Every structure is written in structure tokens, then in C-alpha cells.
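For reference, my_file_0.pdb (PDB, C-alpha atoms, pLDDT in the B column):
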```pdb
ATOM      1  CA  MET V   1       4.412 -17.643 -73.457  1.00 92.00           C
ATOM      2  CA  VAL V   2       7.493 -19.407 -74.859  1.00 93.00           C
ATOM      3  CA  GLY V   3      10.786 -18.791 -73.117  1.00 92.00           C
ATOM      4  CA  PHE V   4      14.065 -19.973 -71.647  1.00 92.00           C
ATOM      5  CA  GLU V   5      15.145 -19.820 -68.003  1.00 90.00           C
ATOM      6  CA  ASN V   6      18.772 -20.775 -67.376  1.00 87.00           C
ATOM      7  CA  GLY V   7      19.126 -22.575 -64.037  1.00 84.00           C
ATOM      8  CA  GLY V   8      15.359 -23.090 -63.835  1.00 87.00           C
ATOM      9  CA  TYR V   9      12.747 -24.267 -66.320  1.00 89.00           C
ATOM     10  CA  GLY V  10      15.138 -24.287 -69.301  1.00 91.00           C
ATOM     11  CA  ASN V  11      13.051 -24.130 -72.494  1.00 92.00           C
ATOM     12  CA  TYR V  12       9.414 -23.865 -71.480  1.00 94.00           C
ATOM     13  CA  VAL V  13       5.882 -23.131 -72.648  1.00 94.00           C
ATOM     14  CA  LYS V  14       3.283 -21.478 -70.399  1.00 93.00           C
ATOM     15  CA  LEU V  15      -0.356 -21.744 -71.478  1.00 93.00           C
ATOM     16  CA  SER V  16      -3.192 -19.576 -70.177  1.00 92.00           C
ATOM     17  CA  HIS V  17      -6.657 -21.120 -69.788  1.00 89.00           C
ATOM     18  CA  SER V  18      -9.835 -19.291 -68.753  1.00 85.00           C
ATOM     19  CA  ASP V  19     -12.853 -20.820 -67.061  1.00 81.00           C
ATOM     20  CA  GLY V  20     -15.439 -18.288 -66.047  1.00 81.00           C
ATOM     21  CA  GLY V  21     -13.760 -15.800 -63.740  1.00 85.00           C
ATOM     22  CA  LYS V  22     -10.629 -17.891 -63.103  1.00 87.00           C
ATOM     23  CA  THR V  23      -7.401 -17.975 -65.083  1.00 90.00           C
ATOM     24  CA  PHE V  24      -5.306 -21.147 -64.996  1.00 89.00           C
ATOM     25  CA  TYR V  25      -1.703 -21.478 -66.163  1.00 90.00           C
ATOM     26  CA  THR V  26      -0.093 -24.749 -67.201  1.00 90.00           C
ATOM     27  CA  TYR V  27       3.683 -25.032 -67.445  1.00 91.00           C
ATOM     28  CA  TYR V  28       5.658 -27.437 -69.629  1.00 92.00           C
ATOM     29  CA  ALA V  29       9.380 -27.177 -68.894  1.00 93.00           C
ATOM     30  CA  HIS V  30      12.841 -28.649 -69.592  1.00 92.00           C
ATOM     31  CA  LEU V  31      11.884 -28.951 -73.270  1.00 92.00           C
ATOM     32  CA  ALA V  32      14.290 -29.620 -76.129  1.00 90.00           C
ATOM     33  CA  ASN V  33      12.316 -26.979 -77.988  1.00 91.00           C
ATOM     34  CA  ALA V  34       8.824 -25.537 -78.279  1.00 90.00           C
ATOM     35  CA  ALA V  35       6.532 -26.494 -81.160  1.00 91.00           C
ATOM     36  CA  VAL V  36       4.386 -23.348 -80.725  1.00 92.00           C
ATOM     37  CA  THR V  37       5.042 -19.620 -80.693  1.00 92.00           C
ATOM     38  CA  ALA V  38       4.185 -16.987 -78.097  1.00 91.00           C
ATOM     39  CA  GLY V  39       0.581 -15.823 -78.422  1.00 90.00           C
ATOM     40  CA  GLN V  40      -0.469 -18.787 -80.577  1.00 90.00           C
ATOM     41  CA  LYS V  41      -3.896 -20.264 -79.786  1.00 89.00           C
ATOM     42  CA  VAL V  42      -3.800 -24.041 -79.307  1.00 89.00           C
ATOM     43  CA  LYS V  43      -6.439 -26.761 -79.136  1.00 85.00           C
ATOM     44  CA  VAL V  44      -6.545 -30.006 -77.171  1.00 79.00           C
ATOM     45  CA  GLY V  45      -4.104 -32.437 -78.776  1.00 77.00           C
ATOM     46  CA  THR V  46      -1.765 -29.792 -80.224  1.00 85.00           C
ATOM     47  CA  VAL V  47       1.908 -30.691 -79.741  1.00 87.00           C
ATOM     48  CA  ILE V  48       3.403 -27.753 -77.841  1.00 91.00           C
ATOM     49  CA  GLY V  49       6.947 -29.005 -77.307  1.00 89.00           C
ATOM     50  CA  TYR V  50       9.358 -31.910 -76.988  1.00 87.00           C
ATOM     51  CA  SER V  51      10.705 -33.012 -73.614  1.00 85.00           C
ATOM     52  CA  ASN V  52      14.412 -33.039 -72.857  1.00 86.00           C
ATOM     53  CA  ASN V  53      16.867 -31.930 -70.197  1.00 87.00           C
ATOM     54  CA  THR V  54      17.293 -28.122 -70.362  1.00 89.00           C
ATOM     55  CA  GLY V  55      17.618 -25.749 -67.421  1.00 89.00           C
ATOM     56  CA  ALA V  56      17.977 -27.076 -63.860  1.00 88.00           C
ATOM     57  CA  SER V  57      17.399 -30.715 -64.693  1.00 85.00           C
ATOM     58  CA  THR V  58      19.230 -33.954 -63.972  1.00 83.00           C
ATOM     59  CA  GLY V  59      17.758 -35.992 -66.823  1.00 81.00           C
ATOM     60  CA  PRO V  60      15.223 -35.920 -69.656  1.00 82.00           C
ATOM     61  CA  HIS V  61      11.668 -35.404 -68.441  1.00 84.00           C
ATOM     62  CA  LEU V  62       8.661 -33.123 -68.770  1.00 85.00           C
ATOM     63  CA  HIS V  63       8.002 -30.752 -65.899  1.00 87.00           C
ATOM     64  CA  PHE V  64       4.238 -30.128 -65.826  1.00 88.00           C
ATOM     65  CA  GLY V  65       2.699 -27.652 -63.439  1.00 87.00           C
ATOM     66  CA  LEU V  66      -0.650 -25.987 -62.802  1.00 89.00           C
ATOM     67  CA  LYS V  67      -1.088 -22.595 -61.160  1.00 90.00           C
ATOM     68  CA  ILE V  68      -4.280 -20.616 -60.589  1.00 89.00           C
ATOM     69  CA  ASP V  69      -4.128 -16.827 -60.858  1.00 86.00           C
ATOM     70  CA  GLY V  70      -4.512 -15.295 -57.397  1.00 83.00           C
ATOM     71  CA  GLU V  71      -4.016 -18.542 -55.462  1.00 81.00           C
ATOM     72  CA  ASN V  72      -0.708 -19.410 -53.831  1.00 72.00           C
ATOM     73  CA  PRO V  73      -0.542 -22.980 -52.478  1.00 70.00           C
ATOM     74  CA  THR V  74       2.388 -23.910 -50.262  1.00 65.00           C
ATOM     75  CA  TYR V  75       4.350 -25.928 -52.826  1.00 64.00           C
ATOM     76  CA  LYS V  76       5.920 -23.243 -55.065  1.00 74.00           C
ATOM     77  CA  GLY V  77       2.464 -22.005 -56.053  1.00 77.00           C
ATOM     78  CA  TYR V  78       1.611 -25.271 -57.846  1.00 83.00           C
ATOM     79  CA  VAL V  79      -1.803 -26.899 -57.552  1.00 83.00           C
ATOM     80  CA  ASP V  80      -2.543 -30.649 -57.783  1.00 80.00           C
ATOM     81  CA  PRO V  81      -3.985 -30.941 -61.328  1.00 79.00           C
ATOM     82  CA  MET V  82      -5.960 -34.186 -60.838  1.00 73.00           C
ATOM     83  CA  PRO V  83      -9.153 -32.547 -59.493  1.00 73.00           C
ATOM     84  CA  TYR V  84      -9.286 -30.373 -62.637  1.00 72.00           C
ATOM     85  CA  TYR V  85      -9.550 -33.261 -65.071  1.00 66.00           C
ATOM     86  CA  SER V  86     -13.166 -33.854 -65.991  1.00 54.00           C
ATOM     87  CA  THR V  87     -15.253 -36.517 -67.685  1.00 46.00           C
ATOM     88  CA  ASP V  88     -16.990 -34.058 -70.015  1.00 46.00           C
ATOM     89  CA  ALA V  89     -17.292 -35.115 -73.658  1.00 38.00           C
ATOM     90  CA  GLY V  90     -14.268 -34.025 -75.642  1.00 42.00           C
ATOM     91  CA  SER V  91     -11.986 -33.725 -72.649  1.00 41.00           C
ATOM     92  CA  ALA V  92      -8.778 -35.638 -72.009  1.00 42.00           C
ATOM     93  CA  VAL V  93     -10.598 -37.895 -69.550  1.00 38.00           C
ATOM     94  CA  ASP V  94     -13.043 -40.538 -70.704  1.00 39.00           C
ATOM     95  CA  GLU V  95     -15.500 -42.231 -68.325  1.00 39.00           C
ATOM     96  CA  GLU V  96     -15.233 -45.452 -70.287  1.00 41.00           C
ATOM     97  CA  VAL V  97     -11.524 -45.822 -69.538  1.00 39.00           C
ATOM     98  CA  SER V  98     -11.013 -43.692 -66.441  1.00 39.00           C
ATOM     99  CA  GLY V  99     -12.685 -43.463 -63.128  1.00 38.00           C
ATOM    100  CA  GLY V 100     -14.823 -46.453 -62.355  1.00 39.00           C
ATOM    101  CA  ALA V 101     -14.079 -49.113 -59.802  1.00 48.00           C
ATOM    102  CA  ASP V 102     -10.628 -50.181 -60.977  1.00 70.00           C
ATOM    103  CA  TYR V 103      -8.387 -47.075 -61.030  1.00 74.00           C
ATOM    104  CA  PRO V 104     -10.277 -43.789 -60.549  1.00 70.00           C
ATOM    105  CA  ASP V 105      -7.048 -41.746 -60.874  1.00 71.00           C
ATOM    106  CA  ALA V 106      -6.249 -43.087 -64.367  1.00 77.00           C
ATOM    107  CA  ILE V 107      -6.681 -40.680 -67.278  1.00 76.00           C
ATOM    108  CA  LYS V 108      -7.151 -41.389 -70.961  1.00 78.00           C
ATOM    109  CA  LEU V 109      -4.133 -41.091 -73.243  1.00 75.00           C
ATOM    110  CA  SER V 110      -5.049 -41.236 -76.882  1.00 71.00           C
ATOM    111  CA  GLY V 111      -2.585 -41.059 -79.729  1.00 71.00           C
ATOM    112  CA  MET V 112       0.516 -41.530 -77.548  1.00 82.00           C
ATOM    113  CA  SER V 113       2.919 -44.267 -78.558  1.00 88.00           C
ATOM    114  CA  PHE V 114       5.820 -45.592 -76.533  1.00 90.00           C
ATOM    115  CA  GLN V 115       8.794 -47.827 -77.296  1.00 93.00           C
ATOM    116  CA  VAL V 116      10.361 -50.315 -74.859  1.00 94.00           C
ATOM    117  CA  VAL V 117      13.911 -49.310 -73.817  1.00 93.00           C
ATOM    118  CA  PRO V 118      15.321 -52.251 -71.769  1.00 92.00           C
ATOM    119  CA  ASP V 119      15.955 -55.744 -73.165  1.00 94.00           C
ATOM    120  CA  THR V 120      12.707 -56.955 -71.565  1.00 95.00           C
ATOM    121  CA  LEU V 121       9.915 -55.175 -69.721  1.00 94.00           C
ATOM    122  CA  ASN V 122       7.440 -56.868 -67.399  1.00 94.00           C
ATOM    123  CA  VAL V 123       3.746 -56.416 -68.127  1.00 94.00           C
ATOM    124  CA  ARG V 124       1.485 -56.506 -65.070  1.00 92.00           C
ATOM    125  CA  ASN V 125      -2.273 -56.765 -64.575  1.00 90.00           C
ATOM    126  CA  GLY V 126      -2.401 -53.460 -62.700  1.00 87.00           C
ATOM    127  CA  PRO V 127      -0.439 -50.223 -62.203  1.00 87.00           C
ATOM    128  CA  GLY V 128       2.186 -51.272 -59.663  1.00 84.00           C
ATOM    129  CA  VAL V 129       4.860 -53.831 -58.800  1.00 84.00           C
ATOM    130  CA  GLU V 130       2.459 -55.478 -56.375  1.00 84.00           C
ATOM    131  CA  PHE V 131       0.400 -56.716 -59.355  1.00 86.00           C
ATOM    132  CA  THR V 132       0.971 -60.052 -61.102  1.00 90.00           C
ATOM    133  CA  ILE V 133       3.308 -60.278 -64.097  1.00 92.00           C
ATOM    134  CA  VAL V 134       1.169 -61.341 -67.071  1.00 94.00           C
ATOM    135  CA  GLY V 135       3.802 -61.131 -69.814  1.00 93.00           C
ATOM    136  CA  THR V 136       6.860 -59.304 -71.108  1.00 95.00           C
ATOM    137  CA  LEU V 137       7.697 -56.949 -73.944  1.00 96.00           C
ATOM    138  CA  ALA V 138      10.992 -57.034 -75.856  1.00 96.00           C
ATOM    139  CA  LYS V 139      13.322 -54.099 -76.474  1.00 96.00           C
ATOM    140  CA  GLY V 140      12.029 -51.906 -79.312  1.00 95.00           C
ATOM    141  CA  ALA V 141       8.404 -53.089 -79.006  1.00 95.00           C
ATOM    142  CA  LYS V 142       5.924 -50.263 -79.616  1.00 94.00           C
ATOM    143  CA  ILE V 143       2.719 -49.828 -77.650  1.00 93.00           C
ATOM    144  CA  ASN V 144      -0.138 -47.349 -77.934  1.00 91.00           C
ATOM    145  CA  ALA V 145      -1.190 -46.023 -74.556  1.00 88.00           C
ATOM    146  CA  LYS V 146      -4.850 -46.196 -73.537  1.00 86.00           C
ATOM    147  CA  ARG V 147      -4.479 -44.512 -70.158  1.00 85.00           C
ATOM    148  CA  LEU V 148      -2.021 -43.296 -67.548  1.00 82.00           C
ATOM    149  CA  HIS V 149      -2.144 -43.985 -63.835  1.00 79.00           C
ATOM    150  CA  SER V 150      -0.493 -40.773 -62.734  1.00 66.00           C
ATOM    151  CA  LYS V 151       0.260 -41.454 -59.080  1.00 62.00           C
ATOM    152  CA  SER V 152       2.568 -44.336 -59.906  1.00 63.00           C
ATOM    153  CA  VAL V 153       3.268 -43.429 -63.574  1.00 83.00           C
ATOM    154  CA  TRP V 154       2.138 -46.636 -65.255  1.00 88.00           C
ATOM    155  CA  ILE V 155       0.757 -46.958 -68.799  1.00 89.00           C
ATOM    156  CA  GLU V 156      -2.085 -49.288 -69.756  1.00 90.00           C
ATOM    157  CA  TYR V 157      -1.745 -50.292 -73.417  1.00 91.00           C
ATOM    158  CA  GLU V 158      -4.389 -53.032 -73.524  1.00 90.00           C
ATOM    159  CA  THR V 159      -7.132 -53.710 -71.012  1.00 88.00           C
ATOM    160  CA  GLY V 160      -5.437 -55.165 -67.940  1.00 89.00           C
ATOM    161  CA  LYS V 161      -1.886 -54.805 -69.321  1.00 92.00           C
ATOM    162  CA  TRP V 162       0.276 -52.177 -67.585  1.00 92.00           C
ATOM    163  CA  CYS V 163       3.959 -51.152 -67.880  1.00 93.00           C
ATOM    164  CA  ALA V 164       5.961 -48.739 -65.741  1.00 90.00           C
ATOM    165  CA  LEU V 165       7.277 -45.688 -67.604  1.00 86.00           C
ATOM    166  CA  ALA V 166      10.281 -45.771 -65.285  1.00 81.00           C
ATOM    167  CA  PHE V 167      11.203 -47.680 -62.150  1.00 77.00           C
ATOM    168  CA  ASN V 168      14.006 -47.117 -59.618  1.00 72.00           C
ATOM    169  CA  GLY V 169      15.485 -44.406 -61.840  1.00 72.00           C
ATOM    170  CA  ILE V 170      15.586 -46.633 -64.934  1.00 81.00           C
ATOM    171  CA  VAL V 171      13.629 -45.480 -67.988  1.00 86.00           C
ATOM    172  CA  ASN V 172      11.459 -48.314 -69.375  1.00 89.00           C
ATOM    173  CA  LEU V 173       9.464 -46.523 -72.061  1.00 89.00           C
ATOM    174  CA  LYS V 174      10.258 -43.593 -74.330  1.00 87.00           C
ATOM    175  CA  VAL V 175       7.820 -41.607 -76.427  1.00 85.00           C
ATOM    176  CA  SER V 176       7.736 -42.939 -79.968  1.00 83.00           C
ATOM    177  CA  LYS V 177       6.782 -40.902 -83.031  1.00 72.00           C
TER
END
```

Show me this structure written as C-alpha cells.
Amino acid sequence: MVGFENGGYGNYVKLSHSDGGKTFYTYYAHLANAAVTAGQKVKVGTVIGYSNNTGASTGPHLHFGLKIDGENPTYKGYVDPMPYYSTDAGSAVDEEVSGGADYPDAIKLSGMSFQVVPDTLNVRNGPGVEFTIVGTLAKGAKINAKRLHSKSVWIEYETGKWCALAFNGIVNLKVSK
């Protein structure tokens, strides 16, 4: 489904996924515009839209949500998506770069590039401000993400080199084409 909800999701895309007897729905909202059409079949890696600030939103971001048909969790019907990522071949998660002893909640991000927004951005040896600063990146520098640590929203672009997507309401990295 591709639609618009004034005062809510704004421009959004809703995908339907089937797994055996269950139907899952993923929501991508507050988009500038959709890159797909209603009823279109998509594959992993297909660009479905471009994030922005439409609908009930206070700044540019992507609203991602997971719902399961027939299940109604307490938080607006949304389900925590992390348990549904898998390490199967061909999936978005890769055992080589996710799981393991270091950061089991990190997921693989392939083909995503980011550009540094502030004048300088600290690079740390782990996904959080409690980790040691191991370098800096200058404004405009481009990095290719290897994985995302979703609980704290940090990007690893080289092994052991992490940057915060945003911190204290300040955007550090923007998606680069």
C-alpha cells in the first residue's frame, strides 16, 4: 500500500510479508515520496521511498514499524522487530558482521552510504559515548556503513570504527547517494 495520512504517517509505504500462516506488515512513514507503487512486488534491497518530514513529524526521519496480523501488542500494535532478523543466507543480517561476542544486536547494512554533517565527528571504538575516541571525520566525508547498532543508533563503517547517526538531537550523518 502507498498512501498519505495528514496528521499521522504523512507519505507512507506499507509492505505485506508472509511466512507460513502469519502475515507481517512493515511500515515506512514520513517519507518525502514513495519509490514504489501500490501492489508492486519488491525484493530485498529495493528502494521503497525517501525519508523526510511529512505528516505528524517534528523533523526528517524514517518511521519504521512492524505489526503482525492478529496480534495487538500494547504499544500501538507495534512489535519489536529485532527478534525477526535472522542469520539465514541472503538475509539482511550476516553472522560474520552481526551477532557474535561484540555486539549481538548489530545488523548488517550493505550499500548504504552516509555523509558527515557537522564540522567534525568523533569516531569511537564501539557504539556509544562511553567508548574511546579513535579519530575524527571532517564535514562532507563519506562513509559506507558495514552495520548498525540499532539500540543506540550507531554506524560501524570500518571494523572497530563507529559514529553516531545523531546525538542529543543533532544530526551527525545523512544518507548519501

Select from range 14-80 of chain V every residue with an atom at most 12 Å from any atom of range 167-177 of chain V, then for each give the shortest pair of atoms and their distance in Å to one decimal, using only C-alpha atoms, rows by chain and rising number, as a tab-separated table.
```
residue	atom	partner	partner_atom	distance
V:Val47	CA	V:Lys177	CA	11.8
V:Tyr50	CA	V:Val175	CA	9.8
V:Ser51	CA	V:Val175	CA	9.5
V:Asn52	CA	V:Val175	CA	11.4
V:Thr58	CA	V:Gly169	CA	11.3
V:Gly59	CA	V:Gly169	CA	10.0
V:Pro60	CA	V:Val171	CA	9.8
V:His61	CA	V:Lys174	CA	10.2
V:Leu62	CA	V:Val175	CA	11.5
```

Could you tell me, as a PDB file with C-alpha atoms, in the coordinates of the input, exactly which residues end up selected when the PyMOL selection byres ((chain V and resi 27) around 10) is applied to this structure?
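File produced: part.pdb:
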```
ATOM      1  CA  MET V   1       4.412 -17.643 -73.457  1.00 92.00           C
ATOM      2  CA  TYR V   9      12.747 -24.267 -66.320  1.00 89.00           C
ATOM      3  CA  TYR V  12       9.414 -23.865 -71.480  1.00 94.00           C
ATOM      4  CA  VAL V  13       5.882 -23.131 -72.648  1.00 94.00           C
ATOM      5  CA  LYS V  14       3.283 -21.478 -70.399  1.00 93.00           C
ATOM      6  CA  LEU V  15      -0.356 -21.744 -71.478  1.00 93.00           C
ATOM      7  CA  SER V  16      -3.192 -19.576 -70.177  1.00 92.00           C
ATOM      8  CA  TYR V  25      -1.703 -21.478 -66.163  1.00 90.00           C
ATOM      9  CA  THR V  26      -0.093 -24.749 -67.201  1.00 90.00           C
ATOM     10  CA  TYR V  28       5.658 -27.437 -69.629  1.00 92.00           C
ATOM     11  CA  ALA V  29       9.380 -27.177 -68.894  1.00 93.00           C
ATOM     12  CA  LEU V  62       8.661 -33.123 -68.770  1.00 85.00           C
ATOM     13  CA  HIS V  63       8.002 -30.752 -65.899  1.00 87.00           C
ATOM     14  CA  PHE V  64       4.238 -30.128 -65.826  1.00 88.00           C
ATOM     15  CA  GLY V  65       2.699 -27.652 -63.439  1.00 87.00           C
ATOM     16  CA  LEU V  66      -0.650 -25.987 -62.802  1.00 89.00           C
ATOM     17  CA  LYS V  67      -1.088 -22.595 -61.160  1.00 90.00           C
ATOM     18  CA  TYR V  78       1.611 -25.271 -57.846  1.00 83.00           C
TER      19      TYR V  78
END
```

Margin query: Could you list, as a PyMOL selection string, every residue matched by the PyMOL selection byres ((chain V and resi 124) around 12) in this structure?
Written below: chain V and resi 121-123+125-137+154-164

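Closest to Gly8 in chain V among V:Gln115, V:Leu148, V:Ser57, V:Thr46 is V:Ser57, based on all atoms listed in the file.
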
Next item on the list: Take CA of Arg147 in chain V and CA of Val117 in chain V and report the distance between them in Å, one decimal.
Entry: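 CA of Val117 in chain V lies at a distance of 19.4 Å from CA of Arg147 in chain V.
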
Margin query: As an exercise, work out the distance from CA of Asp69 in chain V to CA of Asp19 in chain V in Å and give it to one decimal place.
Written below: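 Distance reported for this atom pair: 11.4 Å.
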
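In this model, the gap between CA of Ala34 in chain V and CA of Leu109 in chain V comes to 20.9 Å.
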
Notebook entry, point to check: Hey, which of V:Gly3, V:Gly10, V:Gly20, V:Gly111 ends up closest to Ala38 in chain V? Count only C-alpha atoms.
Noted result: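 Going through V:Gly3, V:Gly10, V:Gly20, V:Gly111 one by one, the smallest distance to Ala38 in chain V is for V:Gly3.
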